[in-house]
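Undergrad: For reference, the structure I am asking about is given below.
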Number of protein chains: 2
Amino acid sequence: LKATSSADHQRSTTASSWRLDTAQIQAPQGYLASAAAAGIKKEGRLDVGLLYSIRPSVAAARFTTNTVKAAPVKLSQRHLEESGGEIQAIIVNSGNANACTGEDGMAIAKSMAALAGRIVGVPPTQVLVCSTGVIGVPLPFEKIDRKSGDLQGSMSVQGIDSVSKAILTTDTVPKICTADKSFGNVPVRISGMTKGAGMIHPRMATTLAFVLTDALITRSLLEEALKEACEKSYNRITVDGDTSTNDTLAVIANGASGASVIEQKDEAYQDFLDGLTQVCQSLAQQIVRDGEGASKFVEITVEGADSEEGAAQIGRSIANSLLVKTALAGEDANWGRILCAAGYSGIPFDPDRVEIKIGDLVVCKRGTVAFFNEADAKQILRQRDIRIALNLHAGSSSATLWTCDLTKEYIHINADYRT
Amino acid sequence: LKATSSADHQRSTTASSWRLDTAQIQAPQGYLASAAAAGIKKEGRLDVGLLYSIRPSVAAARFTTNTVKAAPVKLSQRHLEESGGEIQAIIVNSGNANACTGEDGMAIAKSMAALAGRIVGVPPTQVLVCSTGVIGVPLPFEKIDRKSGDLQGSMSVQGIDSVSKAILTTDTVPKICTADKSFGNVPVRISGMTKGAGMIHPRMATTLAFVLTDALITRSLLEEALKEACEKSYNRITVDGDTSTNDTLAVIANGASGASVIEQKDEAYQDFLDGLTQVCQSLAQQIVRDGEGASKFVEITVEGADSEEGAAQIGRSIANSLLVKTALAGEDANWGRILCAAGYSGIPFDPDRVEIKIGDLVVCKRGTVAFFNEADAKQILRQRDIRIALNLHAGSSSATLWTCDLTKEYIHINADYRT
C-alpha cells in the first residue's frame, strides 16, 4: 500500500509551494533526538524515544476524548498548562500504554518526565510524556531508566529517524513527513512522525503524532492552527472505530529557522497552517494505508451537502461500516451498503437525490441502481487505491475522509494481540 | 451456539409464569400461514411467506430509524396509519430487500400488498409488506405472483413454521419462540419469529420480526407494550453496528383466545408485557447466537450506573468495539479494551471506580488490573457463553446487552455476499 493517494496528488498540484517528502524524516533546525531498545517490546526493537528542542519553544497538543485517559495523557495535559505551553522535550515509549494502571502508573509517567528533564536539562514540567501499546499492564520504568545513558549519549540531529521507528507498535512501516518552504528567503521546515494501525477512529487526535517545526509562532496561533489541521486530517480517518486511551498529537515550534514570528492571521499564518495541515494529512493517510490487515486505501468524499460537518459525519458513517469495509475487501461494488450507512449517520438527506460513484463509475443515481457494467466496477475495485464519491445534491459543502478495508488479517492481528 | 444463555436461565426462575418454547413455533388461535419457494433465493429454498389472522386484529410495529427506508417499510408505515392499526396479514420475502429501488420498488411493494389482500380477502391497506436481502436490485415480483395459487392453497395452522424458514437470509437456523400462559383460566399464546445475522445494530427495531398473539388488547396499549419490549430486547443487541434499511418488528393481536380485553395498565397488561418482552428477548438473543461468523454469545451487563439509559449506552459501546469482539474471538481476557470502549461511549464516569468481571472472575478493580489467574480466565473464555459485568460504582441502575465475537468467518461471509 505504498502508492500515492489521489489526495496526495491533488495536494501537490495546488497553489501551495510546500515540498513534501514522505520517504524520509529530517529534523528542523534546533532539534536533537535519540532512541533506544529498552526491552519493553520484544526482540530488541527500538521502544523508547526522546525529542528535544535546544531552544525555548512553544507547543500545542490535542489529546484523546476518551473518558479513560492514560497517565501520560493526564500528565502531559498538566505540563502544557503549568509551563504555559513552553515545552522543550517529548519522551515516548511503545509496547506499553501505561493506561488503566492507577496511581503507580501516574508515578511512572512522572518518573519518565523527570528522566527526560535530567537528560536534556529542562524542568520536568517542560516535558510531554507519551506511551502506546498494551493497556492495563504495569510499565517497567526501570527498563527505561537503565537506558538513560544511551539516550543522552546518542542525542543527534539524525536521531529523529530512530524515534520515528521507536514509536511503532503493530505498524509495518514508519510514518513520516518532511515539509519545506521558504518564508521570504528563510527556509522553514515542518517535520512529523506518527504511529498507529489499529484502535483508530476519527473525531479526535488519534494515536501518537509528533510534529516539530523551526517556524516561530505564538502559542495561541499554534493552538488554533493545530486544531484546524487536526480536524481535516486525524479527525477524518478511521481504521476500526475504536478511540484509544492514549491519543496525542503534539506540535513544537522553536523559531530556529530565523523566520519572522507569526503573530496574526496573515499570509505567513495561512502558509504555516497549510504546511501543518499537509503534514498532518500525509501522516494520517499513512496510518490508514498501514491499517491493520488493510489491503485497500479508500478515499471517501461526500459532496453536495448542506454543511461540511454534516458531510464529514455521513462520510464517517460510511468509513466505519463493517459491511462497506468487508465489501471493499471482497472487491464488491455493493453501493447499497454505502447508501445504507449514509442513512444511519444521523444527518438527514433525501435518498432519492443521491448519486454514488466508485472511481469514475456512476453506480447509483437518484437513490437507485445506475445499471453499470460489473466488469468495469471490478476493474476499479481491484486497485489498491479506491475513491468513493457520494453526492447528496442538496448544498455546496463537502468533506473527504480516508479509511481502509476490513480483512481476515485484522481479526488475526487483534484476536491475539495481548497474549 | 445452541446453549441456553444465563439470561434465559434467569428468566425461567423469575416470578413470571410464561412457558417459553424456543424449539418450535406454534400458531396462536385464529392464525393461518403459508410459504413458497419463488426462486428469489437460490436452490429452491422457501423465500415468500404469508401470515394471516382470520379475525379482525390490531397491530403495532417498530421500523428502522435509517433515513434510507426500503419501499416495503414506507408502505407498511402508511398502511398502519390508514387502517387505524387494523392489520390482518403480513406478506414477506427474503433474498431481496426491495431497498433503494426507486418508484418501481414502491409499485412492487404495493403489488405484494394487493396480492396478499386478494389471497386472504382483506383490503391491501390491512396488509404489512416486508422484504429482506440484497439492497439496490429490482425485486422480481412476477416470481412471487406466480406462487399466489400455492400460497393460497397451502394456508394452514402449521404454515407458521414454514414462514419462519422463508424469512431467513444468511441465518443458519430459524429463530422462533412460543410463549404460553393462562389468563385466569383462558390460555393465551404469544408466538414470534425473526431473522437476521448481519447488519444488526441496537437502538432500533432490528431486522424482521413477527409476533402473533391471540390476546385481546387495545391498539394504544399494544403500541406501548411493543415499544417497551423492543427497548429491552432488539435495542439491546448488536452483531456489527450496521442499521438496515428494512428493519421491521411487527406484532398482531387478534383476541381469538377469548381472554378479556386488556384496556388499562392492570395486572393482565403487566403479564402481557412480560410475555411480549420475553418473546422479543428470546428472538433477539437467537439472532446474536446466529451472528455471522460468531463463535461466542456474550452477555454484557453494566451495573452501578446513574441511569439505565447511560448503562445501556456504555454497554453498546463495549458490544460494538471491534477490539473487544476480536479479543473475545481470541479468548483473550483483554479487559483494557473493555474499559477503553466504555470510555468513549460518551457517558461520563470515574474510571478509578470501575470493576470488571469476566464470568465470576474479577479482572479489573478500581480501574486497574486485579492480578487474576490467566488460566482461570482462559477457562471461562473457552466457553461458548460468556458473561461480562462492568460495575461503575456510581448509582443503582443497570442494563444488559447481548453481542457476539468477530471472527474471520464474518469477513468471509460479507466480503462476497452480493456477487
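Following the order of the C-alpha cells, first chain is A, next is B, and so on, with residues numbered from 1 inside each chain and ligands from 1 in the order they appear.
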Let's see if you can do this: from backbone DSSP, list all strand (DSSP E or B) residues in region 58-254 of chain A, as an NGL selection string.
TA: :A and (58-63 or 89-96 or 127-134 or 156 or 175-183 or 186-194 or 208-213 or 217 or 237 or 248-253)
Undergrad: Distance cut-off 7 Å, counting only C-alpha atoms - which residues of chain B neighbour chain A? Return them as a ChimeraX atom specification.
TA: /B:66-68,100-102,135-136,240,242-245,321-323,326-327,329-330,332,334,336,340,343-344,348,351,367-369,407-408,411,414-416,418
Undergrad: Between CA of Pro174 (chain A) and CA of Lys74 (chain A), what distance in Å does the model show, to one decimal?
TA: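 We find that CA of Pro174 (chain A) and CA of Lys74 (chain A) lie 26.2 Å from each other.
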Undergrad: Between B:Asp180, B:Ile54, B:Arg289, B:Ile40, which residue has the minimum interatomic distance to Ser156 (chain B), considering only C-alpha atoms?
TA: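 Looking at the shortest contact to Ser156 (chain B), the residue is B:Ile54.
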